[in-house]
Structure formats: C-alpha cells, structure tokens
file target-v5.pdb (PDB, C-alpha atoms)
ATOM      1  CA  MET A 392     -25.618  18.295 -77.372  1.00  0.00           C
ATOM      2  CA  THR A 393     -24.828  20.493 -74.371  1.00  0.00           C
ATOM      3  CA  THR A 394     -27.726  21.724 -72.221  1.00  0.00           C
ATOM      4  CA  VAL A 395     -27.561  25.169 -70.622  1.00  0.00           C
ATOM      5  CA  VAL A 396     -29.361  27.392 -68.147  1.00  0.00           C
ATOM      6  CA  LEU A 397     -28.666  31.021 -69.096  1.00  0.00           C
ATOM      7  CA  ALA A 398     -28.875  33.638 -66.332  1.00  0.00           C
ATOM      8  CA  ASP A 399     -28.551  37.367 -67.035  1.00  0.00           C
ATOM      9  CA  ASP A 400     -30.615  40.321 -65.841  1.00  0.00           C
ATOM     10  CA  GLU A 401     -30.225  42.146 -69.177  1.00  0.00           C
ATOM     11  CA  ALA A 402     -33.207  40.730 -71.057  1.00  0.00           C
ATOM     12  CA  LEU A 403     -32.129  41.853 -74.519  1.00  0.00           C
ATOM     13  CA  LEU A 404     -28.643  40.392 -74.184  1.00  0.00           C
ATOM     14  CA  ARG A 405     -29.935  37.189 -72.572  1.00  0.00           C
ATOM     15  CA  LYS A 406     -32.526  36.529 -75.275  1.00  0.00           C
ATOM     16  CA  ALA A 407     -30.116  37.379 -78.080  1.00  0.00           C
ATOM     17  CA  LEU A 408     -27.476  35.045 -76.664  1.00  0.00           C
ATOM     18  CA  ALA A 409     -30.045  32.273 -76.188  1.00  0.00           C
ATOM     19  CA  SER A 410     -31.155  32.578 -79.813  1.00  0.00           C
ATOM     20  CA  LEU A 411     -27.605  32.654 -81.169  1.00  0.00           C
ATOM     21  CA  LEU A 412     -26.512  29.682 -79.053  1.00  0.00           C
ATOM     22  CA  ALA A 413     -29.462  27.690 -80.388  1.00  0.00           C
ATOM     23  CA  LEU A 414     -28.271  28.389 -83.951  1.00  0.00           C
ATOM     24  CA  ASP A 415     -24.941  26.777 -83.080  1.00  0.00           C
ATOM     25  CA  GLY A 416     -26.578  23.348 -83.148  1.00  0.00           C
ATOM     26  CA  ASN A 417     -24.457  22.037 -80.268  1.00  0.00           C
ATOM     27  CA  VAL A 418     -26.165  23.910 -77.422  1.00  0.00           C
ATOM     28  CA  THR A 419     -29.720  23.686 -76.090  1.00  0.00           C
ATOM     29  CA  VAL A 420     -30.936  26.411 -73.710  1.00  0.00           C
ATOM     30  CA  LEU A 421     -33.228  24.707 -71.182  1.00  0.00           C
ATOM     31  CA  ALA A 422     -34.225  27.887 -69.366  1.00  0.00           C
ATOM     32  CA  GLU A 423     -33.462  31.589 -69.036  1.00  0.00           C
ATOM     33  CA  ALA A 424     -33.205  33.290 -65.646  1.00  0.00           C
ATOM     34  CA  PRO A 425     -33.396  37.068 -65.036  1.00  0.00           C
ATOM     35  CA  ASP A 426     -31.799  36.986 -61.567  1.00  0.00           C
ATOM     36  CA  GLY A 427     -29.730  34.880 -59.201  1.00  0.00           C
ATOM     37  CA  GLY A 428     -32.669  33.331 -57.356  1.00  0.00           C
ATOM     38  CA  SER A 429     -34.262  32.158 -60.599  1.00  0.00           C
ATOM     39  CA  ALA A 430     -30.897  30.792 -61.742  1.00  0.00           C
ATOM     40  CA  VAL A 431     -30.611  28.696 -58.583  1.00  0.00           C
ATOM     41  CA  ARG A 432     -34.129  27.292 -58.945  1.00  0.00           C
ATOM     42  CA  ALA A 433     -33.771  26.501 -62.664  1.00  0.00           C
ATOM     43  CA  THR A 434     -30.367  24.879 -62.253  1.00  0.00           C
ATOM     44  CA  LEU A 435     -31.378  22.677 -59.337  1.00  0.00           C
ATOM     45  CA  GLU A 436     -34.569  21.647 -61.133  1.00  0.00           C
ATOM     46  CA  LEU A 437     -33.220  21.074 -64.657  1.00  0.00           C
ATOM     47  CA  HIS A 438     -29.605  19.930 -64.023  1.00  0.00           C
ATOM     48  CA  PRO A 439     -28.063  21.557 -67.111  1.00  0.00           C
ATOM     49  CA  ASP A 440     -24.659  20.466 -68.340  1.00  0.00           C
ATOM     50  CA  VAL A 441     -23.446  24.068 -67.975  1.00  0.00           C
ATOM     51  CA  LEU A 442     -24.809  27.050 -66.061  1.00  0.00           C
ATOM     52  CA  VAL A 443     -23.979  30.288 -67.906  1.00  0.00           C
ATOM     53  CA  ILE A 444     -24.405  33.099 -65.396  1.00  0.00           C
ATOM     54  CA  ASP A 445     -23.786  36.836 -65.299  1.00  0.00           C
ATOM     55  CA  LEU A 446     -21.655  38.014 -62.399  1.00  0.00           C
ATOM     56  CA  GLU A 447     -23.644  41.139 -61.536  1.00  0.00           C
ATOM     57  CA  MET A 448     -27.387  40.732 -61.066  1.00  0.00           C
ATOM     58  CA  PRO A 449     -29.950  42.215 -58.674  1.00  0.00           C
ATOM     59  CA  GLY A 450     -30.695  40.367 -55.461  1.00  0.00           C
ATOM     60  CA  VAL A 451     -28.499  37.287 -55.317  1.00  0.00           C
ATOM     61  CA  ASP A 452     -25.501  38.042 -57.545  1.00  0.00           C
ATOM     62  CA  GLY A 453     -23.699  35.506 -59.719  1.00  0.00           C
ATOM     63  CA  LEU A 454     -21.210  34.456 -57.046  1.00  0.00           C
ATOM     64  CA  GLY A 455     -23.956  34.080 -54.448  1.00  0.00           C
ATOM     65  CA  ALA A 456     -26.053  31.976 -56.802  1.00  0.00           C
ATOM     66  CA  VAL A 457     -23.104  29.744 -57.695  1.00  0.00           C
ATOM     67  CA  ALA A 458     -22.262  29.238 -54.018  1.00  0.00           C
ATOM     68  CA  GLU A 459     -25.848  28.170 -53.314  1.00  0.00           C
ATOM     69  CA  ILE A 460     -25.995  25.868 -56.338  1.00  0.00           C
ATOM     70  CA  ARG A 461     -22.685  24.184 -55.581  1.00  0.00           C
ATOM     71  CA  ARG A 462     -23.756  23.422 -52.008  1.00  0.00           C
ATOM     72  CA  ALA A 463     -26.618  21.351 -53.411  1.00  0.00           C
ATOM     73  CA  ARG A 464     -24.992  20.254 -56.658  1.00  0.00           C
ATOM     74  CA  PRO A 465     -21.177  20.373 -56.306  1.00  0.00           C
ATOM     75  CA  GLU A 466     -20.594  18.819 -59.721  1.00  0.00           C
ATOM     76  CA  GLN A 467     -22.376  21.639 -61.580  1.00  0.00           C
ATOM     77  CA  VAL A 468     -20.240  23.124 -64.371  1.00  0.00           C
ATOM     78  CA  VAL A 469     -20.327  26.942 -64.401  1.00  0.00           C
ATOM     79  CA  LEU A 470     -19.364  29.564 -66.966  1.00  0.00           C
ATOM     80  CA  MET A 471     -19.356  33.083 -65.540  1.00  0.00           C
ATOM     81  CA  LEU A 472     -19.856  36.150 -67.720  1.00  0.00           C
ATOM     82  CA  THR A 473     -18.711  39.607 -66.644  1.00  0.00           C
ATOM     83  CA  ARG A 474     -18.124  43.104 -67.963  1.00  0.00           C
ATOM     84  CA  HIS A 475     -15.330  43.765 -65.448  1.00  0.00           C
ATOM     85  CA  ALA A 476     -12.714  41.086 -64.852  1.00  0.00           C
ATOM     86  CA  ARG A 477     -11.799  42.107 -61.318  1.00  0.00           C
ATOM     87  CA  PRO A 478      -9.010  40.005 -59.792  1.00  0.00           C
ATOM     88  CA  GLY A 479     -10.757  39.577 -56.440  1.00  0.00           C
ATOM     89  CA  VAL A 480     -13.879  38.343 -58.169  1.00  0.00           C
ATOM     90  CA  LEU A 481     -11.868  35.966 -60.319  1.00  0.00           C
ATOM     91  CA  ARG A 482     -10.229  34.520 -57.208  1.00  0.00           C
ATOM     92  CA  LYS A 483     -13.584  34.053 -55.497  1.00  0.00           C
ATOM     93  CA  ALA A 484     -15.090  32.418 -58.571  1.00  0.00           C
ATOM     94  CA  LEU A 485     -12.207  29.979 -58.826  1.00  0.00           C
ATOM     95  CA  LYS A 486     -12.511  29.160 -55.114  1.00  0.00           C
ATOM     96  CA  LEU A 487     -16.172  28.342 -55.708  1.00  0.00           C
ATOM     97  CA  GLY A 488     -15.140  25.937 -58.457  1.00  0.00           C
ATOM     98  CA  VAL A 489     -16.211  28.028 -61.458  1.00  0.00           C
ATOM     99  CA  GLN A 490     -14.628  26.359 -64.489  1.00  0.00           C
ATOM    100  CA  GLY A 491     -14.956  29.180 -67.021  1.00  0.00           C
ATOM    101  CA  PHE A 492     -14.702  32.973 -67.052  1.00  0.00           C
ATOM    102  CA  VAL A 493     -15.543  34.977 -70.201  1.00  0.00           C
ATOM    103  CA  SER A 494     -16.143  38.648 -70.955  1.00  0.00           C
ATOM    104  CA  LYS A 495     -19.731  39.572 -71.811  1.00  0.00           C
ATOM    105  CA  SER A 496     -18.356  41.389 -74.847  1.00  0.00           C
ATOM    106  CA  ALA A 497     -17.203  38.076 -76.356  1.00  0.00           C
ATOM    107  CA  GLU A 498     -18.790  36.901 -79.594  1.00  0.00           C
ATOM    108  CA  PRO A 499     -21.661  34.407 -79.095  1.00  0.00           C
ATOM    109  CA  ALA A 500     -19.759  31.847 -81.186  1.00  0.00           C
ATOM    110  CA  HIS A 501     -16.856  32.094 -78.748  1.00  0.00           C
ATOM    111  CA  ILE A 502     -19.179  31.701 -75.763  1.00  0.00           C
ATOM    112  CA  GLY A 503     -20.662  28.620 -77.449  1.00  0.00           C
ATOM    113  CA  PHE A 504     -17.179  27.210 -77.964  1.00  0.00           C
ATOM    114  CA  VAL A 505     -16.318  27.751 -74.293  1.00  0.00           C
ATOM    115  CA  ILE A 506     -19.566  26.091 -73.198  1.00  0.00           C
ATOM    116  CA  THR A 507     -18.739  22.925 -75.136  1.00  0.00           C
ATOM    117  CA  THR A 508     -15.138  23.079 -73.891  1.00  0.00           C
ATOM    118  CA  LEU A 509     -16.319  23.147 -70.272  1.00  0.00           C
ATOM    119  CA  HIS A 510     -18.798  20.338 -70.934  1.00  0.00           C
ATOM    120  CA  ALA A 511     -15.853  18.270 -72.168  1.00  0.00           C
ATOM    121  CA  GLY A 512     -14.276  18.578 -68.721  1.00  0.00           C
ATOM    122  CA  LYS A 513     -11.807  21.373 -69.431  1.00  0.00           C
ATOM    123  CA  ARG A 514     -11.395  24.857 -67.950  1.00  0.00           C
ATOM    124  CA  TRP A 515     -11.364  28.202 -69.735  1.00  0.00           C
ATOM    125  CA  ILE A 516     -10.375  31.695 -68.633  1.00  0.00           C
ATOM    126  CA  ASP A 517     -10.272  34.261 -71.420  1.00  0.00           C
ATOM    127  CA  PRO A 518      -6.776  35.756 -71.884  1.00  0.00           C
ATOM    128  CA  ASP A 519      -7.976  39.315 -71.265  1.00  0.00           C
ATOM    129  CA  VAL A 520      -9.503  38.214 -67.958  1.00  0.00           C
ATOM    130  CA  SER A 521      -6.384  36.423 -66.754  1.00  0.00           C
ATOM    131  CA  ALA A 522      -4.119  39.261 -67.940  1.00  0.00           C
ATOM    132  CA  LEU A 523      -6.061  41.792 -65.892  1.00  0.00           C
ATOM    133  CA  ALA A 524      -5.948  39.514 -62.852  1.00  0.00           C
ATOM    134  CA  ILE A 525      -2.168  39.388 -63.141  1.00  0.00           C
ATOM    135  CA  THR A 526      -1.533  43.061 -63.837  1.00  0.00           C
ATOM    136  CA  GLU A 527      -4.064  44.801 -61.611  1.00  0.00           C
ATOM    137  CA  ASP A 528      -2.888  45.221 -58.044  1.00  0.00           C
ATOM    138  CA  CYS A 529      -5.721  45.320 -55.533  1.00  0.00           C
ATOM    139  CA  PRO A 530      -4.395  45.872 -51.989  1.00  0.00           C
ATOM    140  CA  LEU A 531      -7.627  44.707 -50.328  1.00  0.00           C
ATOM    141  CA  THR A 532      -8.090  41.216 -48.954  1.00  0.00           C
ATOM    142  CA  ASP A 533     -11.164  39.183 -49.879  1.00  0.00           C
ATOM    143  CA  ARG A 534     -12.718  39.879 -46.448  1.00  0.00           C
ATOM    144  CA  GLU A 535     -12.078  43.621 -46.783  1.00  0.00           C
ATOM    145  CA  ILE A 536     -13.806  43.487 -50.151  1.00  0.00           C
ATOM    146  CA  ASP A 537     -16.714  41.597 -48.563  1.00  0.00           C
ATOM    147  CA  VAL A 538     -17.292  44.235 -45.880  1.00  0.00           C
ATOM    148  CA  LEU A 539     -16.971  47.093 -48.367  1.00  0.00           C
ATOM    149  CA  ARG A 540     -19.459  45.374 -50.636  1.00  0.00           C
ATOM    150  CA  GLY A 541     -21.855  45.202 -47.694  1.00  0.00           C
ATOM    151  CA  THR A 542     -21.280  48.909 -47.053  1.00  0.00           C
ATOM    152  CA  ARG A 543     -21.924  49.674 -50.727  1.00  0.00           C
ATOM    153  CA  ASP A 544     -25.208  47.761 -50.518  1.00  0.00           C
ATOM    154  CA  GLY A 545     -26.351  49.886 -47.571  1.00  0.00           C
ATOM    155  CA  TYR A 546     -25.903  47.466 -44.675  1.00  0.00           C
ATOM    156  CA  SER A 547     -24.808  48.590 -41.212  1.00  0.00           C
ATOM    157  CA  ALA A 548     -21.706  47.119 -39.602  1.00  0.00           C
ATOM    158  CA  ALA A 549     -23.927  44.906 -37.438  1.00  0.00           C
ATOM    159  CA  GLU A 550     -25.835  43.666 -40.492  1.00  0.00           C
ATOM    160  CA  ILE A 551     -22.606  42.987 -42.363  1.00  0.00           C
ATOM    161  CA  ALA A 552     -21.322  41.008 -39.372  1.00  0.00           C
ATOM    162  CA  ALA A 553     -24.497  38.909 -39.310  1.00  0.00           C
ATOM    163  CA  ARG A 554     -24.423  38.283 -43.066  1.00  0.00           C
ATOM    164  CA  LEU A 555     -20.746  37.242 -43.026  1.00  0.00           C
ATOM    165  CA  HIS A 556     -20.998  35.349 -39.718  1.00  0.00           C
ATOM    166  CA  LEU A 557     -18.312  37.540 -38.162  1.00  0.00           C
ATOM    167  CA  ALA A 558     -18.060  39.439 -34.889  1.00  0.00           C
ATOM    168  CA  GLN A 559     -18.859  43.148 -35.166  1.00  0.00           C
ATOM    169  CA  GLY A 560     -15.390  43.990 -33.882  1.00  0.00           C
ATOM    170  CA  THR A 561     -13.865  41.900 -36.652  1.00  0.00           C
ATOM    171  CA  VAL A 562     -15.945  43.731 -39.249  1.00  0.00           C
ATOM    172  CA  ARG A 563     -14.840  47.091 -37.814  1.00  0.00           C
ATOM    173  CA  ASN A 564     -11.210  45.949 -38.036  1.00  0.00           C
ATOM    174  CA  TYR A 565     -11.644  44.970 -41.698  1.00  0.00           C
ATOM    175  CA  LEU A 566     -13.325  48.303 -42.427  1.00  0.00           C
ATOM    176  CA  SER A 567     -10.568  50.232 -40.659  1.00  0.00           C
ATOM    177  CA  SER A 568      -7.903  48.366 -42.623  1.00  0.00           C
ATOM    178  CA  ALA A 569      -9.743  49.009 -45.895  1.00  0.00           C
ATOM    179  CA  MET A 570     -10.002  52.725 -45.074  1.00  0.00           C
ATOM    180  CA  GLN A 571      -6.262  52.882 -44.405  1.00  0.00           C
ATOM    181  CA  LYS A 572      -5.432  51.111 -47.652  1.00  0.00           C
ATOM    182  CA  THR A 573      -7.739  53.362 -49.677  1.00  0.00           C
ATOM    183  CA  GLN A 574      -6.676  56.485 -47.727  1.00  0.00           C
ATOM    184  CA  THR A 575     -10.273  57.421 -46.978  1.00  0.00           C
ATOM    185  CA  GLN A 576     -11.986  58.770 -43.861  1.00  0.00           C
ATOM    186  CA  THR A 577     -15.193  56.711 -43.756  1.00  0.00           C
ATOM    187  CA  ARG A 578     -16.251  53.220 -44.763  1.00  0.00           C
ATOM    188  CA  HIS A 579     -18.645  54.713 -47.322  1.00  0.00           C
ATOM    189  CA  GLU A 580     -15.809  56.673 -48.936  1.00  0.00           C
ATOM    190  CA  ALA A 581     -13.713  53.506 -48.958  1.00  0.00           C
ATOM    191  CA  ALA A 582     -16.520  51.565 -50.640  1.00  0.00           C
ATOM    192  CA  ARG A 583     -16.990  54.279 -53.273  1.00  0.00           C
ATOM    193  CA  TYR A 584     -13.255  54.411 -53.952  1.00  0.00           C
ATOM    194  CA  ALA A 585     -12.993  50.609 -54.227  1.00  0.00           C
ATOM    195  CA  ARG A 586     -15.925  50.628 -56.635  1.00  0.00           C
ATOM    196  CA  THR A 587     -14.248  53.229 -58.880  1.00  0.00           C
ATOM    197  CA  GLN A 588     -11.184  50.963 -58.995  1.00  0.00           C
ATOM    198  CA  ASP A 589     -13.346  47.959 -59.973  1.00  0.00           C
ATOM    199  CA  TRP A 590     -12.302  46.105 -56.820  1.00  0.00           C
ATOM    200  CA  LEU A 591     -15.882  45.367 -55.763  1.00  0.00           C
TER     201      LEU A 591
END
call {"tool": "encode", "arguments": {"input": "target-v5.pdb", "output": "structure tokens"}}
result
Amino acid sequence: MTTVVLADDEALLRKALASLLALDGNVTVLAEAPDGGSAVRATLELHPDVLVIDLEMPGVDGLGAVAEIRRARPEQVVLMLTRHARPGVLRKALKLGVQGFVSKSAEPAHIGFVITTLHAGKRWIDPDVSALAITEDCPLTDREIDVLRGTRDGYSAAEIAARLHLAQGTVRNYLSSAMQKTQTQTRHEAARYARTQDWL
C-alpha cells in the first residue's frame, strides 16, 4: 500500500482524484491540501510515501512547497501535476529532485500507476511532458524567468531582489536581458509576453 498526500487548489478535481485513487486499492490518501502551505505541513507531519502536488497553486506554489519540504525531508518522493509542461518548470522540478511529472489531464488510473512506480524507486516523466521540453525553445534563463515571475506577481525590483537574495543591480540586469530577448519595452510587458508563451 502506498500512502499519499494530495495537494491541489481545485477542490473538485482534488476530491475526485482522491476518491478514484482510493478505489485502486493500492493507494491510501492520508490528507488533502488546498494550497502549498497546507501541503508542506501535511507532508512533514504525515510522511507519506509520495507527495502528489499541483504545480500552480495560490500562495506557495508547487515548486516552492517542494523546495521547503525537501529541505526538511530530502528523501520525500514527489509527483508533480501540471496543465502546462513548461520546459523551465520541468528543469526546476528535476533540480529539486522531483521524481515524477504528469499532466493533470491524465486518467486517474495512470496517475495511480505512476504513484506506485515512484514508490518503487523509479522515475516517471510523461512522454508529452518530455516531448514539449525538448521541442519548445525558451530563450530565457532560469533567473530571468524568476525575476519575470516576480514582476508578474506584482513585486518591485527591490522586493524581487530581496526574495531571490540578489543585488538590485543584478535583478535589473536580468530584467533588461529578458526584455531584449522578448523584444519588449518594460518588464511588465516582458512578463506578460513570457506568460503567453507558457515560459512562466
């Protein structure tokens, strides 16, 4: 039996997936979490075999939650769910040690199969996710994506610098480079453009 904490801000999808996984007979859902903060608390308290977490959630997103969890519990197995398999996100997830990456549109039976596969010590990246990572060409570096994500979320350059532990001048350089690569005039335009390309 594989134990799971299931984190997704979409209540209907989360509850449906929890119910369907329980029918599988090989998976037990220990807790459901509606946001990243709750996912961190539940995972560190319950020590599930696999954390199944949505990438995009309010507050602390999936990557942020995984980073926090792995600092305290580096052996935690993680399956990340996403609607958009962006290459930059895939790279970041793999750097954090995420073992599995599956589209949220996957059948629950497939998600259950991947959960048990990860629990057995293997890795899994859905073919459509890996294909997109290979074929889509994002010109932005991970740091440029970070500063544009901060811009998208409404932070000033100074706030972005503090959050990323960078000098303000360094942040301005990343923003300038991102604007050049996206051929935009302001950092906000660059962030909007990157978002339309699914780079953020």
call {"tool": "closest_residue", "arguments": {"input": "target-v5.pdb", "among": "A:Tyr584, A:Met392, A:Leu591, A:Pro530", "to": "Asp415 in chain A", "atoms": "only C-alpha atoms"}}
result
A:Met392
call {"tool": "closest_residue", "arguments": {"input": "target-v5.pdb", "among": "A:Pro499, A:Pro449, A:Gly545, A:Pro518", "to": "Ala407 in chain A", "atoms": "all atoms listed in the file"}}
result
A:Pro499
call {"tool": "atom_distance", "arguments": {"input": "target-v5.pdb", "atom1": "CA of Arg464 in chain A", "atom2": "CA of Lys495 in chain A"}}
result
25.1 Å
call {"tool": "residues_around", "arguments": {"input": "target-v5.pdb", "residues": "Gly491 in chain A", "least_positions_apart": "4", "cutoff": "9 Å", "atoms": "only C-alpha atoms", "output": "PyMOL selection string"}}
result
chain A and resi 468-472+485+505-506+509+513-517
call {"tool": "atom_distance", "arguments": {"input": "target-v5.pdb", "atom1": "CA of Leu539 in chain A", "atom2": "CA of Ala458 in chain A"}}
result
19.5 Å
call {"tool": "residues_around", "arguments": {"input": "target-v5.pdb", "residues": "range 561-574 of chain A", "least_positions_apart": "4", "cutoff": "12 Å", "atoms": "all atoms listed in the file", "output": "PDB file with C-alpha atoms, in the frame of the given file"}}
result
ATOM      1  CA  CYS A 529      -5.721  45.320 -55.533  1.00  0.00           C
ATOM      2  CA  PRO A 530      -4.395  45.872 -51.989  1.00  0.00           C
ATOM      3  CA  LEU A 531      -7.627  44.707 -50.328  1.00  0.00           C
ATOM      4  CA  THR A 532      -8.090  41.216 -48.954  1.00  0.00           C
ATOM      5  CA  ASP A 533     -11.164  39.183 -49.879  1.00  0.00           C
ATOM      6  CA  ARG A 534     -12.718  39.879 -46.448  1.00  0.00           C
ATOM      7  CA  GLU A 535     -12.078  43.621 -46.783  1.00  0.00           C
ATOM      8  CA  ILE A 536     -13.806  43.487 -50.151  1.00  0.00           C
ATOM      9  CA  ASP A 537     -16.714  41.597 -48.563  1.00  0.00           C
ATOM     10  CA  VAL A 538     -17.292  44.235 -45.880  1.00  0.00           C
ATOM     11  CA  LEU A 539     -16.971  47.093 -48.367  1.00  0.00           C
ATOM     12  CA  ARG A 540     -19.459  45.374 -50.636  1.00  0.00           C
ATOM     13  CA  GLY A 541     -21.855  45.202 -47.694  1.00  0.00           C
ATOM     14  CA  THR A 542     -21.280  48.909 -47.053  1.00  0.00           C
ATOM     15  CA  TYR A 546     -25.903  47.466 -44.675  1.00  0.00           C
ATOM     16  CA  SER A 547     -24.808  48.590 -41.212  1.00  0.00           C
ATOM     17  CA  ALA A 548     -21.706  47.119 -39.602  1.00  0.00           C
ATOM     18  CA  ALA A 549     -23.927  44.906 -37.438  1.00  0.00           C
ATOM     19  CA  GLU A 550     -25.835  43.666 -40.492  1.00  0.00           C
ATOM     20  CA  ILE A 551     -22.606  42.987 -42.363  1.00  0.00           C
ATOM     21  CA  ALA A 552     -21.322  41.008 -39.372  1.00  0.00           C
ATOM     22  CA  ALA A 553     -24.497  38.909 -39.310  1.00  0.00           C
ATOM     23  CA  ARG A 554     -24.423  38.283 -43.066  1.00  0.00           C
ATOM     24  CA  LEU A 555     -20.746  37.242 -43.026  1.00  0.00           C
ATOM     25  CA  HIS A 556     -20.998  35.349 -39.718  1.00  0.00           C
ATOM     26  CA  LEU A 557     -18.312  37.540 -38.162  1.00  0.00           C
ATOM     27  CA  ARG A 578     -16.251  53.220 -44.763  1.00  0.00           C
ATOM     28  CA  HIS A 579     -18.645  54.713 -47.322  1.00  0.00           C
ATOM     29  CA  GLU A 580     -15.809  56.673 -48.936  1.00  0.00           C
ATOM     30  CA  ALA A 581     -13.713  53.506 -48.958  1.00  0.00           C
ATOM     31  CA  ALA A 582     -16.520  51.565 -50.640  1.00  0.00           C
ATOM     32  CA  ARG A 583     -16.990  54.279 -53.273  1.00  0.00           C
ATOM     33  CA  TYR A 584     -13.255  54.411 -53.952  1.00  0.00           C
ATOM     34  CA  ALA A 585     -12.993  50.609 -54.227  1.00  0.00           C
ATOM     35  CA  ARG A 586     -15.925  50.628 -56.635  1.00  0.00           C
ATOM     36  CA  THR A 587     -14.248  53.229 -58.880  1.00  0.00           C
ATOM     37  CA  GLN A 588     -11.184  50.963 -58.995  1.00  0.00           C
ATOM     38  CA  TRP A 590     -12.302  46.105 -56.820  1.00  0.00           C
TER      39      TRP A 590
END
call {"tool": "axis_aligned_box", "arguments": {"input": "target-v5.pdb", "around": "range 448-465 of chain A", "padding_each_side": "6 Å", "output": "AutoDock Vina command-line options"}}
result
--center_x -25.9 --center_y 31.2 --center_z -56.5 --size_x 21.5 --size_y 34.0 --size_z 21.1
call {"tool": "atom_distance", "arguments": {"input": "target-v5.pdb", "atom1": "CA of Arg543 in chain A", "atom2": "CA of Ile444 in chain A"}}
result
22.3 Å
call {"tool": "closest_residue", "arguments": {"input": "target-v5.pdb", "among": "A:Thr419, A:Gly455, A:Leu404, A:Leu414", "to": "Ala484 in chain A", "atoms": "only C-alpha atoms"}}
result
A:Gly455
call {"tool": "closest_residue", "arguments": {"input": "target-v5.pdb", "among": "A:Ser429, A:Thr473, A:Thr394, A:Asn417", "to": "Leu442 in chain A", "atoms": "all atoms listed in the file"}}
result
A:Thr394
call {"tool": "closest_residue", "arguments": {"input": "target-v5.pdb", "among": "A:Asp452, A:Gln559, A:Ile460, A:Gln490", "to": "Asp544 in chain A", "atoms": "all atoms listed in the file"}}
result
A:Asp452
call {"tool": "closest_residue", "arguments": {"input": "target-v5.pdb", "among": "A:Asp399, A:Asp440, A:Glu423, A:Glu447", "to": "Arg474 in chain A", "atoms": "only C-alpha atoms"}}
result
A:Glu447
call {"tool": "resolve_selection", "arguments": {"input": "target-v5.pdb", "expression": "the PyMOL selection byres ((chain A and resi 502) around 10)", "output": "list in words"}}
result
Leu408, Leu412, Val443, Leu470, Leu472, Phe492, Val493, Ser494, Lys495, Ser496, Ala497, Glu498, Pro499, Ala500, His501, Gly503, Phe504, Val505, Ile506, Thr507 and Thr508 of chain A
call {"tool": "build_atoms", "arguments": {"input": "target-v5.pdb", "residues": "range 483-499 of chain A", "atoms": "N, CA and C atoms", "output": "PDB file, in the frame of the given file"}}
result
ATOM      1  N   LYS A 483     -12.425  34.627 -56.186  1.00  0.00           N
ATOM      2  CA  LYS A 483     -13.584  34.053 -55.497  1.00  0.00           C
ATOM      3  C   LYS A 483     -14.286  33.018 -56.365  1.00  0.00           C
ATOM      4  N   ALA A 484     -14.431  33.343 -57.657  1.00  0.00           N
ATOM      5  CA  ALA A 484     -15.090  32.418 -58.571  1.00  0.00           C
ATOM      6  C   ALA A 484     -14.329  31.098 -58.657  1.00  0.00           C
ATOM      7  N   LEU A 485     -13.019  31.194 -58.735  1.00  0.00           N
ATOM      8  CA  LEU A 485     -12.207  29.979 -58.826  1.00  0.00           C
ATOM      9  C   LEU A 485     -12.296  29.170 -57.536  1.00  0.00           C
ATOM     10  N   LYS A 486     -12.364  29.859 -56.392  1.00  0.00           N
ATOM     11  CA  LYS A 486     -12.511  29.160 -55.114  1.00  0.00           C
ATOM     12  C   LYS A 486     -13.842  28.417 -55.041  1.00  0.00           C
ATOM     13  N   LEU A 487     -14.858  28.989 -55.682  1.00  0.00           N
ATOM     14  CA  LEU A 487     -16.172  28.342 -55.708  1.00  0.00           C
ATOM     15  C   LEU A 487     -16.220  27.178 -56.701  1.00  0.00           C
ATOM     16  N   GLY A 488     -15.172  27.033 -57.500  1.00  0.00           N
ATOM     17  CA  GLY A 488     -15.140  25.937 -58.457  1.00  0.00           C
ATOM     18  C   GLY A 488     -15.644  26.295 -59.832  1.00  0.00           C
ATOM     19  N   VAL A 489     -15.797  27.612 -60.116  1.00  0.00           N
ATOM     20  CA  VAL A 489     -16.211  28.028 -61.458  1.00  0.00           C
ATOM     21  C   VAL A 489     -15.149  27.594 -62.457  1.00  0.00           C
ATOM     22  N   GLN A 490     -15.584  26.911 -63.517  1.00  0.00           N
ATOM     23  CA  GLN A 490     -14.628  26.359 -64.489  1.00  0.00           C
ATOM     24  C   GLN A 490     -14.305  27.309 -65.630  1.00  0.00           C
ATOM     25  N   GLY A 491     -15.174  28.293 -65.892  1.00  0.00           N
ATOM     26  CA  GLY A 491     -14.956  29.180 -67.021  1.00  0.00           C
ATOM     27  C   GLY A 491     -15.266  30.628 -66.683  1.00  0.00           C
ATOM     28  N   PHE A 492     -14.528  31.544 -67.288  1.00  0.00           N
ATOM     29  CA  PHE A 492     -14.702  32.973 -67.052  1.00  0.00           C
ATOM     30  C   PHE A 492     -14.517  33.676 -68.388  1.00  0.00           C
ATOM     31  N   VAL A 493     -15.568  34.346 -68.880  1.00  0.00           N
ATOM     32  CA  VAL A 493     -15.543  34.977 -70.201  1.00  0.00           C
ATOM     33  C   VAL A 493     -16.148  36.373 -70.119  1.00  0.00           C
ATOM     34  N   SER A 494     -15.607  37.294 -70.881  1.00  0.00           N
ATOM     35  CA  SER A 494     -16.143  38.648 -70.955  1.00  0.00           C
ATOM     36  C   SER A 494     -17.500  38.635 -71.658  1.00  0.00           C
ATOM     37  N   LYS A 495     -18.416  39.473 -71.172  1.00  0.00           N
ATOM     38  CA  LYS A 495     -19.731  39.572 -71.811  1.00  0.00           C
ATOM     39  C   LYS A 495     -19.643  40.170 -73.207  1.00  0.00           C
ATOM     40  N   SER A 496     -18.523  40.810 -73.518  1.00  0.00           N
ATOM     41  CA  SER A 496     -18.356  41.389 -74.847  1.00  0.00           C
ATOM     42  C   SER A 496     -17.897  40.353 -75.876  1.00  0.00           C
ATOM     43  N   ALA A 497     -17.664  39.123 -75.438  1.00  0.00           N
ATOM     44  CA  ALA A 497     -17.203  38.076 -76.356  1.00  0.00           C
ATOM     45  C   ALA A 497     -18.281  37.753 -77.390  1.00  0.00           C
ATOM     46  N   GLU A 498     -17.855  37.313 -78.546  1.00  0.00           N
ATOM     47  CA  GLU A 498     -18.790  36.901 -79.594  1.00  0.00           C
ATOM     48  C   GLU A 498     -19.578  35.664 -79.135  1.00  0.00           C
ATOM     49  N   PRO A 499     -20.863  35.584 -79.478  1.00  0.00           N
ATOM     50  CA  PRO A 499     -21.661  34.407 -79.095  1.00  0.00           C
ATOM     51  C   PRO A 499     -21.037  33.087 -79.534  1.00  0.00           C
TER      52      PRO A 499
END
